>>> print(open('start.pdb').read())   # PDB, C-alpha atoms
MODEL        1
ATOM      1  CA  MET A   1     -96.146 -60.043  99.470
ATOM      2  CA  VAL A   2     -99.073 -60.774  97.143
ATOM      3  CA  ILE A   3    -102.528 -59.390  97.964
ATOM      4  CA  ASP A   4    -105.576 -60.602  96.051
ATOM      5  CA  MET A   5    -108.111 -57.780  95.755
ATOM      6  CA  ASN A   6    -111.781 -58.234  94.885
ATOM      7  CA  GLU A   7    -112.439 -55.046  92.933
ATOM      8  CA  SER A   8    -116.094 -55.953  92.402
ATOM      9  CA  LYS A   9    -116.826 -54.259  95.735
ATOM     10  CA  LEU A  10    -116.259 -50.920  94.011
ATOM     11  CA  ASP A  11    -119.839 -50.063  93.025
ATOM     12  CA  THR A  12    -119.819 -46.302  92.507
ATOM     13  CA  ILE A  13    -117.744 -43.813  90.570
ATOM     14  CA  GLU A  14    -116.875 -42.047  93.840
ATOM     15  CA  GLN A  15    -115.381 -45.267  95.206
ATOM     16  CA  ILE A  16    -113.378 -45.647  91.983
ATOM     17  CA  ARG A  17    -112.081 -42.077  92.368
ATOM     18  CA  GLU A  18    -111.037 -42.688  95.989
ATOM     19  CA  PHE A  19    -109.367 -45.959  94.961
ATOM     20  CA  LEU A  20    -107.280 -44.187  92.295
ATOM     21  CA  THR A  21    -106.290 -41.455  94.750
ATOM     22  CA  GLY A  22    -105.302 -43.898  97.479
ATOM     23  CA  THR A  23    -103.281 -46.216  95.245
ATOM     24  CA  THR A  24    -101.123 -43.689  93.427
ATOM     25  CA  ASP A  25     -97.887 -45.270  94.681
ATOM     26  CA  VAL A  26     -99.094 -48.873  94.411
ATOM     27  CA  THR A  27     -97.817 -51.069  91.558
ATOM     28  CA  PHE A  28    -100.202 -53.730  90.320
ATOM     29  CA  SER A  29     -99.180 -57.090  88.849
ATOM     30  CA  ILE A  30    -101.087 -57.269  85.580
ATOM     31  CA  PRO A  31    -102.012 -60.700  84.131
ATOM     32  CA  ALA A  32    -100.291 -61.533  80.864
ATOM     33  CA  ASP A  33    -103.366 -63.306  79.482
ATOM     34  CA  GLU A  34    -104.998 -61.028  76.928
ATOM     35  CA  SER A  35    -108.350 -62.785  77.177
ATOM     36  CA  THR A  36    -108.446 -62.199  80.973
ATOM     37  CA  LEU A  37    -107.780 -58.477  80.528
ATOM     38  CA  ARG A  38    -110.420 -58.122  77.836
ATOM     39  CA  ALA A  39    -112.946 -59.986  79.990
ATOM     40  CA  PHE A  40    -112.203 -57.600  82.887
ATOM     41  CA  VAL A  41    -112.732 -54.536  80.687
ATOM     42  CA  GLY A  42    -116.053 -55.912  79.454
ATOM     43  CA  THR A  43    -117.192 -56.663  83.022
ATOM     44  CA  VAL A  44    -116.423 -53.120  84.217
ATOM     45  CA  ILE A  45    -118.144 -51.559  81.207
ATOM     46  CA  ARG A  46    -121.331 -53.522  81.847
ATOM     47  CA  ARG A  47    -121.297 -53.042  85.636
ATOM     48  CA  PHE A  48    -121.081 -49.270  85.493
ATOM     49  CA  GLY A  49    -122.932 -48.730  82.216
ATOM     50  CA  TYR A  50    -119.943 -46.854  80.783
ATOM     51  CA  PHE A  51    -121.646 -45.382  77.736
ATOM     52  CA  ARG A  52    -124.542 -43.938  79.817
ATOM     53  CA  LEU A  53    -122.248 -42.049  82.184
ATOM     54  CA  ALA A  54    -121.363 -38.373  82.013
ATOM     55  CA  LYS A  55    -118.081 -37.383  80.431
ATOM     56  CA  ALA A  56    -116.347 -36.707  83.769
ATOM     57  CA  GLN A  57    -117.470 -40.058  85.153
ATOM     58  CA  ARG A  58    -116.310 -41.837  82.004
ATOM     59  CA  GLY A  59    -112.921 -40.192  82.480
ATOM     60  CA  VAL A  60    -112.636 -41.631  85.998
ATOM     61  CA  LEU A  61    -113.630 -45.078  84.806
ATOM     62  CA  PHE A  62    -111.274 -44.806  81.826
ATOM     63  CA  ALA A  63    -108.357 -44.035  84.174
ATOM     64  CA  TYR A  64    -109.382 -46.963  86.379
ATOM     65  CA  LEU A  65    -109.384 -49.396  83.434
ATOM     66  CA  GLY A  66    -106.001 -48.158  82.281
ATOM     67  CA  ARG A  67    -104.576 -48.510  85.776
ATOM     68  CA  MET A  68    -105.859 -52.044  86.273
ATOM     69  CA  THR A  69    -105.033 -53.415  82.808
ATOM     70  CA  GLY A  70    -101.904 -51.512  81.819
ATOM     71  CA  TYR A  71    -103.406 -50.734  78.418
ATOM     72  CA  SER A  72    -102.350 -47.559  76.654
ATOM     73  CA  ARG A  73    -104.941 -44.833  76.042
ATOM     74  CA  ALA A  74    -105.039 -45.638  72.349
ATOM     75  CA  HIS A  75    -105.557 -49.366  72.846
ATOM     76  CA  LEU A  76    -108.165 -48.866  75.562
ATOM     77  CA  SER A  77    -110.023 -46.424  73.298
ATOM     78  CA  ARG A  78    -110.087 -49.046  70.553
ATOM     79  CA  LEU A  79    -111.508 -51.647  72.950
ATOM     80  CA  LEU A  80    -114.242 -49.273  74.107
ATOM     81  CA  ALA A  81    -115.154 -48.466  70.500
ATOM     82  CA  GLN A  82    -115.225 -52.184  69.677
ATOM     83  CA  TYR A  83    -117.543 -52.915  72.583
ATOM     84  CA  ARG A  84    -119.801 -50.024  71.621
ATOM     85  CA  ASP A  85    -120.130 -51.321  68.060
ATOM     86  CA  THR A  86    -120.187 -55.098  68.594
ATOM     87  CA  ARG A  87    -121.029 -55.589  72.298
ATOM     88  CA  SER A  88    -118.041 -57.919  72.404
ATOM     89  CA  LEU A  89    -114.344 -57.675  73.097
ATOM     90  CA  LYS A  90    -113.254 -60.810  71.284
ATOM     91  CA  PRO A  91    -110.041 -60.301  69.271
ATOM     92  CA  LEU A  92    -110.842 -59.308  65.714
ATOM     93  CA  ALA A  93    -109.008 -61.347  63.093
ATOM     94  CA  ARG A  94    -108.062 -59.140  60.199
ATOM     95  CA  ALA A  95    -105.444 -59.039  57.506
ATOM     96  CA  SER A  96    -102.593 -56.600  57.677
ATOM     97  CA  ARG A  97    -102.846 -53.338  55.798
ATOM     98  CA  THR A  98    -100.304 -54.492  53.224
ATOM     99  CA  SER A  99    -101.763 -57.955  52.582
ATOM    100  CA  PHE A 100    -103.722 -58.928  49.492
ATOM    101  CA  ALA A 101    -106.732 -61.171  49.118
ATOM    102  CA  ARG A 102    -105.805 -64.796  48.445
ATOM    103  CA  GLN A 103    -106.522 -65.540  44.814
ATOM    104  CA  TYR A 104    -105.575 -69.210  44.654
ATOM    105  CA  SER A 105    -107.106 -71.698  47.048
ATOM    106  CA  PRO A 106    -105.445 -74.765  48.608
ATOM    107  CA  ALA A 107    -107.264 -76.831  45.980
ATOM    108  CA  ASP A 108    -105.449 -74.848  43.260
ATOM    109  CA  VAL A 109    -102.116 -75.467  44.943
ATOM    110  CA  ALA A 110    -102.867 -79.191  45.185
ATOM    111  CA  LEU A 111    -103.901 -79.224  41.510
ATOM    112  CA  LEU A 112    -100.649 -77.529  40.526
ATOM    113  CA  ALA A 113     -98.694 -80.109  42.505
ATOM    114  CA  GLU A 114    -100.591 -82.897  40.740
ATOM    115  CA  THR A 115     -99.884 -81.341  37.336
ATOM    116  CA  ASP A 116     -96.180 -80.972  38.098
ATOM    117  CA  SER A 117     -96.069 -84.568  39.274
ATOM    118  CA  LEU A 118     -97.584 -85.797  36.014
ATOM    119  CA  HIS A 119     -95.247 -83.692  33.844
ATOM    120  CA  ASP A 120     -92.095 -83.995  35.952
ATOM    121  CA  THR A 121     -92.066 -80.305  37.011
ATOM    122  CA  LEU A 122     -91.517 -78.425  33.766
ATOM    123  CA  SER A 123     -90.305 -74.841  33.622
ATOM    124  CA  GLY A 124     -92.646 -72.029  34.633
ATOM    125  CA  PRO A 125     -93.545 -70.864  31.090
ATOM    126  CA  ALA A 126     -94.180 -74.426  29.909
ATOM    127  CA  THR A 127     -96.364 -75.173  32.937
ATOM    128  CA  THR A 128     -98.501 -72.043  32.424
ATOM    129  CA  VAL A 129     -99.190 -73.183  28.852
ATOM    130  CA  LEU A 130    -100.309 -76.592  30.137
ATOM    131  CA  LEU A 131    -102.601 -75.005  32.709
ATOM    132  CA  LYS A 132    -104.161 -72.697  30.128
ATOM    133  CA  ARG A 133    -104.728 -75.533  27.632
ATOM    134  CA  ALA A 134    -106.297 -77.700  30.325
ATOM    135  CA  PHE A 135    -109.019 -75.073  30.755
ATOM    136  CA  THR A 136    -109.434 -73.531  27.288
ATOM    137  CA  VAL A 137    -108.863 -76.598  25.085
ATOM    138  CA  PHE A 138    -109.943 -79.513  27.267
ATOM    139  CA  GLY A 139    -112.577 -77.647  29.281
ATOM    140  CA  ASP A 140    -111.449 -78.773  32.723
ATOM    141  CA  ALA A 141    -113.154 -76.314  35.081
ATOM    142  CA  ARG A 142    -110.694 -77.091  37.870
ATOM    143  CA  PHE A 143    -108.069 -75.059  35.991
ATOM    144  CA  ALA A 144    -110.212 -71.913  35.693
ATOM    145  CA  ARG A 145    -108.077 -69.836  38.068
ATOM    146  CA  LEU A 146    -104.757 -71.516  37.323
ATOM    147  CA  SER A 147    -105.191 -70.818  33.600
ATOM    148  CA  GLN A 148    -104.656 -67.098  34.361
ATOM    149  CA  ILE A 149    -101.624 -67.497  36.602
ATOM    150  CA  SER A 150     -98.412 -65.671  35.790
ATOM    151  CA  VAL A 151     -95.049 -67.387  35.645
ATOM    152  CA  SER A 152     -93.719 -65.498  38.668
ATOM    153  CA  HIS A 153     -96.730 -66.355  40.818
ATOM    154  CA  LEU A 154     -96.546 -69.971  39.734
ATOM    155  CA  TYR A 155     -93.096 -70.157  41.299
ATOM    156  CA  ASN A 156     -94.567 -68.580  44.446
ATOM    157  CA  LEU A 157     -97.151 -71.372  44.662
ATOM    158  CA  ARG A 158     -94.390 -73.932  44.261
ATOM    159  CA  LYS A 159     -92.877 -72.533  47.465
ATOM    160  CA  ASP A 160     -96.162 -72.962  49.337
ATOM    161  CA  GLU A 161     -96.074 -75.366  52.281
ATOM    162  CA  LEU A 162     -98.976 -77.419  50.908
ATOM    163  CA  TYR A 163     -97.190 -77.812  47.565
ATOM    164  CA  ARG A 164     -93.944 -78.882  49.205
ATOM    165  CA  LYS A 165     -95.748 -81.457  51.333
ATOM    166  CA  GLN A 166     -97.125 -83.084  48.184
ATOM    167  CA  ARG A 167     -94.165 -82.742  45.857
ATOM    168  CA  VAL A 168     -90.921 -82.534  47.794
ATOM    169  CA  ALA A 169     -89.482 -85.821  49.028
ATOM    170  CA  TRP A 170     -86.766 -85.181  51.591
ATOM    171  CA  GLN A 171     -84.039 -87.764  51.634
ATOM    172  CA  ARG A 172     -81.182 -88.093  54.057
ATOM    173  CA  THR A 173     -77.694 -87.680  52.712
ATOM    174  CA  ARG A 174     -76.306 -91.053  51.825
ATOM    175  CA  PRO A 175     -72.650 -91.333  52.765
ATOM    176  CA  SER A 176     -70.466 -92.651  50.000
ATOM    177  CA  ALA A 177     -67.790 -95.074  51.062
ATOM    178  CA  VAL A 178     -64.403 -93.946  49.773
ATOM    179  CA  ALA A 179     -61.757 -96.618  50.100
ATOM    180  CA  ILE A 180     -58.520 -95.095  51.393
ATOM    181  CA  GLY A 181     -56.734 -98.421  51.147
ATOM    182  CA  LYS A 182     -57.331-102.068  50.433
ATOM    183  CA  ARG A 183     -56.042-105.207  52.126
ATOM    184  CA  GLN A 184     -54.202-106.855  49.305
ATOM    185  CA  ALA A 185     -50.680-108.211  49.040
ATOM    186  CA  PRO A 186     -48.691-106.552  46.239
ATOM    187  CA  ALA A 187     -47.623-108.524  43.169
ATOM    188  CA  PRO A 188     -44.245-107.081  42.118
ATOM    189  CA  ARG A 189     -43.700-109.666  39.320
ATOM    190  CA  GLY A 190     -39.932-109.456  39.939
ATOM    191  CA  LEU A 191     -39.808-105.687  39.378
ATOM    192  CA  PRO A 192     -38.297-103.259  41.884
ATOM    193  CA  GLY A 193     -40.305-100.295  43.120
ATOM    194  CA  TYR A 194     -42.828-101.996  45.400
ATOM    195  CA  ILE A 195     -42.121-100.649  48.877
ATOM    196  CA  ARG A 196     -43.248-102.050  52.203
ATOM    197  CA  ILE A 197     -43.486 -99.472  54.984
ATOM    198  CA  ASP A 198     -43.614-100.608  58.623
ATOM    199  CA  THR A 199     -43.618 -98.707  61.906
ATOM    200  CA  VAL A 200     -41.868 -99.651  65.128
ATOM    201  CA  HIS A 201     -42.483 -97.768  68.374
ATOM    202  CA  GLN A 202     -39.333 -97.205  70.383
ATOM    203  CA  GLY A 203     -41.285 -97.287  73.656
ATOM    204  CA  ASP A 204     -41.994 -94.834  76.465
ATOM    205  CA  GLN A 205     -39.620 -93.941  79.277
ATOM    206  CA  ASP A 206     -40.400 -92.017  82.483
ATOM    207  CA  GLY A 207     -43.747 -90.954  81.097
ATOM    208  CA  ILE A 208     -42.172 -89.461  77.962
ATOM    209  CA  LYS A 209     -43.578 -90.702  74.679
ATOM    210  CA  GLY A 210     -41.025 -92.411  72.491
ATOM    211  CA  ILE A 211     -40.498 -91.884  68.796
ATOM    212  CA  TYR A 212     -41.617 -94.116  65.907
ATOM    213  CA  HIS A 213     -39.191 -95.672  63.438
ATOM    214  CA  ILE A 214     -40.352 -95.930  59.826
ATOM    215  CA  ASN A 215     -38.812 -98.788  57.800
ATOM    216  CA  ALA A 216     -39.184 -98.628  54.030
ATOM    217  CA  VAL A 217     -38.011-101.810  52.232
ATOM    218  CA  ASP A 218     -38.227-102.690  48.553
ATOM    219  CA  ILE A 219     -39.750-106.160  48.299
ATOM    220  CA  VAL A 220     -37.562-107.417  45.460
ATOM    221  CA  THR A 221     -34.169-105.774  46.013
ATOM    222  CA  GLN A 222     -34.484-105.451  49.812
ATOM    223  CA  TRP A 223     -33.233-101.889  49.567
ATOM    224  CA  GLU A 224     -34.025-100.437  52.996
ATOM    225  CA  LEU A 225     -34.290 -96.884  54.346
ATOM    226  CA  VAL A 226     -35.116 -95.915  57.931
ATOM    227  CA  ALA A 227     -36.484 -92.655  59.366
ATOM    228  CA  SER A 228     -38.059 -91.562  62.644
ATOM    229  CA  VAL A 229     -41.091 -89.427  63.469
ATOM    230  CA  GLU A 230     -42.500 -88.004  66.658
ATOM    231  CA  ARG A 231     -46.111 -88.992  66.070
ATOM    232  CA  ILE A 232     -48.097 -91.299  63.785
ATOM    233  CA  SER A 233     -50.212 -88.796  61.903
ATOM    234  CA  GLU A 234     -50.466 -87.397  58.414
ATOM    235  CA  ALA A 235     -48.711 -84.168  59.403
ATOM    236  CA  PHE A 236     -45.627 -86.054  60.599
ATOM    237  CA  LEU A 237     -45.640 -89.017  58.178
ATOM    238  CA  LEU A 238     -46.094 -87.399  54.761
ATOM    239  CA  PRO A 239     -42.863 -85.323  54.760
ATOM    240  CA  VAL A 240     -40.850 -88.287  56.045
ATOM    241  CA  ILE A 241     -42.347 -90.745  53.549
ATOM    242  CA  ALA A 242     -41.613 -88.283  50.762
ATOM    243  CA  LEU A 243     -37.954 -88.184  51.834
ATOM    244  CA  LEU A 244     -37.811 -91.971  52.035
ATOM    245  CA  LEU A 245     -39.219 -92.413  48.543
ATOM    246  CA  GLU A 246     -36.709 -89.884  47.223
ATOM    247  CA  GLY A 247     -33.957 -92.158  48.484
ATOM    248  CA  PHE A 248     -34.844 -95.140  46.319
ATOM    249  CA  PRO A 249     -32.867 -95.316  43.059
ATOM    250  CA  PHE A 250     -35.804 -96.639  41.000
ATOM    251  CA  THR A 251     -39.345 -95.664  40.113
ATOM    252  CA  ILE A 252     -41.859 -96.278  42.863
ATOM    253  CA  ARG A 253     -44.649 -98.454  41.475
ATOM    254  CA  GLY A 254     -46.552 -99.002  44.700
ATOM    255  CA  PHE A 255     -46.245 -99.469  48.404
ATOM    256  CA  HIS A 256     -48.126-101.115  51.219
ATOM    257  CA  SER A 257     -48.175-100.442  54.935
ATOM    258  CA  ASP A 258     -49.413-101.782  58.220
ATOM    259  CA  LEU A 259     -52.661-100.535  59.766
ATOM    260  CA  ARG A 260     -50.950 -97.654  61.513
ATOM    261  CA  ILE A 261     -50.177 -95.900  58.254
ATOM    262  CA  ARG A 262     -53.045 -94.917  56.008
ATOM    263  CA  VAL A 263     -52.035 -93.058  52.883
ATOM    264  CA  ARG A 264     -55.008 -91.486  51.129
ATOM    265  CA  GLN A 265     -53.231 -90.448  47.976
ATOM    266  CA  PRO A 266     -49.628 -90.692  46.760
ATOM    267  CA  ARG A 267     -48.225 -87.185  46.908
ATOM    268  CA  HIS A 268     -44.746 -87.981  45.727
ATOM    269  CA  ARG A 269     -43.672 -86.918  42.273
ATOM    270  CA  ARG A 270     -41.781 -90.153  41.723
ATOM    271  CA  ALA A 271     -44.816 -92.346  42.331
ATOM    272  CA  SER A 272     -45.997 -93.576  38.949
ATOM    273  CA  GLY A 273     -49.598 -94.003  37.832
ATOM    274  CA  GLU A 274     -49.350 -97.668  38.695
ATOM    275  CA  ALA A 275     -48.415 -96.686  42.253
ATOM    276  CA  ALA A 276     -51.540 -94.577  42.514
ATOM    277  CA  ARG A 277     -53.530 -97.774  42.000
ATOM    278  CA  GLY A 278     -51.260 -99.918  44.148
ATOM    279  CA  ILE A 279     -51.594 -98.547  47.661
ATOM    280  CA  HIS A 280     -52.236-101.459  49.988
ATOM    281  CA  GLN A 281     -52.558-102.158  53.680
ATOM    282  CA  ILE A 282     -51.659-105.344  55.472
ATOM    283  CA  ALA A 283     -52.159-106.371  59.080
ATOM    284  CA  PRO A 284     -49.266-105.366  61.357
ATOM    285  CA  ALA A 285     -46.864-107.909  62.690
ATOM    286  CA  PRO A 286     -47.702-109.301  66.173
ATOM    287  CA  ASP A 287     -44.877-107.321  67.798
ATOM    288  CA  GLN A 288     -46.289-104.051  66.426
ATOM    289  CA  ARG A 289     -49.870-104.423  67.643
TER     290      ARG A 289
ENDMDL
END
>>> encode(input="start.pdb", output="structure tokens")
Amino acid sequence: MVIDMNESKLDTIEQIREFLTGTTDVTFSIPADESTLRAFVGTVIRRFGYFRLAKAQRGVLFAYLGRMTGYSRAHLSRLLAQYRDTRSLKPLARASRTSFARQYSPADVALLAETDSLHDTLSGPATTVLLKRAFTVFGDARFARLSQISVSHLYNLRKDELYRKQRVAWQRTRPSAVAIGKRQAPAPRGLPGYIRIDTVHQGDQDGIKGIYHINAVDIVTQWELVASVERISEAFLLPVIALLLEGFPFTIRGFHSDLRIRVRQPRHRRASGEAARGIHQIAPAPDQR
């Protein structure tokens, strides 16, 4: 059950003390919005005149603020000190204790990007010399700060987001088409060693996948070898094709296959250099489609 309570009805320190005593076992749902909590603290401070109260009364009000906001003692003490000094509880923007003052402005970063663009992004030492000469020799006041930059910090500025927006051009990876085969009929010129490889599926029976027969035929001599594989894939085909090519009594100069067999690279020791350039694919016969 959610109960909305209007705490503004608590007008005196005694009422605050009784409220704290009576709600010891009550858990409050504290808003997550920091600005809402800070506004509540400021309202309570002004309503009760916190800094004009006696020490004991301030202690009661301090406990009340901690109970209602969930702030730690240290954080609540900082807020009270901030209100005492500035009459405001707006978040204070400050640098971290380990940060350094920014020496180079966004205009310097943009000027460095322009310089690198004109000189095609030279090395760090060469760029620092250009920046120094632009100010000392040519009197360009825009380079007053950059003329003193170190090489290491120059590389830091090149990593800046503003610099990268001006200089870095992102480009998608362009896929390169690698031909794993070409549709071209072989030209044996009457020489043996040009092998045609075809596949024939035996067919399925009772839901069991049938095997594939691999026919390797020399185009000129009609020397034929037959083997069988379980699947049409590189893992099954390459060892069988290697055995088939071993069985031919002449040098293999090239071979071509139907669309079911795609050989990326001849891996057989008997395949000559001409065979490496003579891997072809042709459309399968109608009965093999």
>>> atom_distance(input="start.pdb", atom1="CA of Lys9 (chain A)", atom2="CA of Gly22 (chain A)")
15.6 Å
>>> residues_around(input="start.pdb", residues="Phe51 (chain A)", least_positions_apart="3", cutoff="12 Å", atoms="all atoms listed in the file", output="PyMOL selection string")
chain A and resi 44-48+54-59+61-62+80-81+83-85+87
>>> atom_distance(input="start.pdb", atom1="CA of Leu111 (chain A)", atom2="CA of Ser152 (chain A)")
17.3 Å
>>> atom_distance(input="start.pdb", atom1="CA of Ile195 (chain A)", atom2="CA of Ala235 (chain A)")
20.6 Å
>>> resolve_selection(input="start.pdb", expression="the PyMOL selection byres ((chain A and resi 202-211) around 7)", output="list of chain:residue names")
A:Val200, A:His201, A:Tyr212, A:His213, A:Ser228, A:Val229, A:Glu230, A:Arg231
>>> residues_around(input="start.pdb", residues="Tyr163 (chain A)", least_positions_apart="5", cutoff="9 Å", atoms="all atoms listed in the file", output="list in words")
Pro106, Val109, Ala110, Leu112, Ala113, Leu157, Arg158 and Val168 of chain A
>>> closest_residue(input="start.pdb", among="A:Leu118, A:Val220, A:Thr199, A:Pro192", to="Pro249 (chain A)", atoms="all atoms listed in the file")
A:Pro192
>>> closest_residue(input="start.pdb", among="A:Leu154, A:Ala134, A:Lys165, A:Pro91", to="Leu122 (chain A)", atoms="only C-alpha atoms")
A:Leu154
>>> closest_residue(input="start.pdb", among="A:Phe143, A:Phe250, A:Phe255, A:Phe138", to="Tyr104 (chain A)", atoms="all atoms listed in the file")
A:Phe143
